[in-house]
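Shown next, in structure tokens, is the structure this report addresses.
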Amino acid sequence: MSLYNTHHIKLYNTLSGEKEIFQPITDGYVGMYVCGPTVYSNVHLGNVRTFMSFDMIFRYLKHLGYKVRYVRNITDAGHLENDADVGEDKITKKARLEAIEPMEIVQRYTVDFHNVLNTFNFLPPSIEPTATGHIIEQIELIQSIIDNGFAYVVNGSVYFDVHKYNISNEYGILSKRKLEDLIHNTRALDGQSDKRNPQDFALWKKAEPTHIMRWPSPWSDGFPGWHLECTAMSTKYLGDFFDIHGGGMDLKFPHHECEIAQNQASKGQAPVKYWMHANMLELNGARMSKSTGNYINPAELLSGDNDIMSKAYNPSVIRFFMMQASYRSVLDLTDDGLAAAEKGFHRLMDAFDLIEHLKTASTTTLFNVSDWKQKCYEAMNDDFNTPILIAKLFEAVKFINQIKDGSASITPEDLALLKDTMSSFVFDVLGLVNISKERTDNNKLTSAVEILINLRKEARLNKDFALSDKIRDELAEAGIQLKDSREGTTFTTN
């Protein structure tokens, strides 16, 4: 019997605003779609957190025995600047700036996206479709919306008629916004004169003569609107009504709201049973922003080559840090938080490594392993509550250390259950990687480099700057960068 028959998940449905018992449309099968990246730049650390949340959800559903079809798209066309219906496509703009083909931009940043996610031990989705690979499906979808009377053509562009749609449906059902309020708070914008109303959104845009990315359609040579691709690809691979649609909180409006409207207008039904949204990642208590300088990308965080964090952090430490907060909570990325997570992560791994060496006893186990295992499942069944799960894992860590110290005992049967449960939740569900050997090697490297740092410090005090510079330069050649500050000298490795 599959675990999902005895473990029933309650997940928070953004559509209802409540936790609901998860009941897949088809017993034993789950269809999940998550909005992927627009590949015009390196993946943002906040996006990594969103995708990591759904990787964890994907892992847990698979752990329970569900057959999951997980679809995560690549937006490689149609995403205009500022998420508006005017301006230049983000990929085209980047291609113009670098004087290369748009698909070179797409290839470069798709590879970066996959490399970063692989570094953090993500499972690949079942299907990863691209917007450019589904132009025909998007054109067909537009035509059906036009045929049903919810879209209009102006000068070769096609717009969704939000006001007409709202007469028979509810535009704002997901974000809890009222169209009347949107109308009241909308100012007329230059360049939107083709629209009947400012709230209408583009399904197809006629390409200007200088626009590089374009495809033929019944209305013009142009390109699809950003919202359209997800409706076309999710329903193609998961059906007109599927289980879970996920993404970042910032996509709830207008992107996901528009997806609902498109599906209702074309197919006459809502597309999704459960809408799930992951919350934002902040940096030192403030919104991450390149323009303000409060920003760090994944590569900088992993290498330590930045002015924000005191050191480099292992991918599994960062993943553990992110799992310590609910996917629906705002998470503040700080150096202190990462350092504390690093200590906790190593305590967890050290305890797991100890299990193999623990002595068993024939007496009754003082720690109720079966009850503890059930509580681990209860945590995950409560809207994928990884913080509570981690707290339960550390109850086991405490018990493991007590067995090691001789103040507690465990039977062979309970020890096997403890190890199996720890392995399932730590590695299979949370997606962590045991880096014990790597840490041992790093500790040896740290000790050796610190000896050289102290020798360099003595050389500088003795005004032997030639020796000081030689130590620094030869370490740099070996891929070890020294960083001097008022607090002392630290190092990073390339």
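Here's how to read the names in the structure tokens: chain A, B, ... by the order shown, residue numbers from 1 in each chain, ligand numbers from 1 in the order shown.
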Next item on the list: Would you mind listing what lies within 10 Å of Asp414 in chain A as a VMD selection string, with only C-alpha atoms counted and same-chain residues fewer than 3 positions away left out?
Entry: chain A and resid 360 364 to 365 367 to 370 410 to 411 417 to 420
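By chain and then residue number, the residues within 12 Å of Arg347 in chain A are Val317, Phe320, Ala340, Ala341, Glu342, Lys343, Ala351, Phe352, Asp353, Leu354, Ile390, Leu393, Phe394, Glu395, Ala396, Val397, Lys398, Ile400, Asn401, Asn434, Ile435 and Ser436 of chain A, counting only C-alpha atoms and disregarding those fewer than 4 positions away in sequence.
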Margin query: So the first atom is CA of Asn279 in chain A and the second is CA of Ser310 in chain A; what is the distance between them in Å, to one decimal place?
Written below: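 Going from CA of Asn279 in chain A over to CA of Ser310 in chain A covers 25.7 Å.
One distance worth recording is that between CA of Glu356 in chain A and CA of Asp428 in chain A, which is 18.7 Å.
Nearest residue to Thr235 in chain A, choosing from A:Phe22, A:Phe122, A:Tyr33, A:Phe253 and counting only C-alpha atoms: A:Tyr33.
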Check: Nearest to Ala151 in chain A among A:Phe54, A:Trp372, A:Tyr70, A:Phe201, with distances taken over only C-alpha atoms: which residue is it?
Finding: A:Phe201
Notebook entry, point to check: What is the CA of Tyr159 in chain A to CA of Glu128 in chain A distance in Å?
Noted result: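 According to the coordinates, CA of Tyr159 in chain A and CA of Glu128 in chain A are separated by 27.2 Å.
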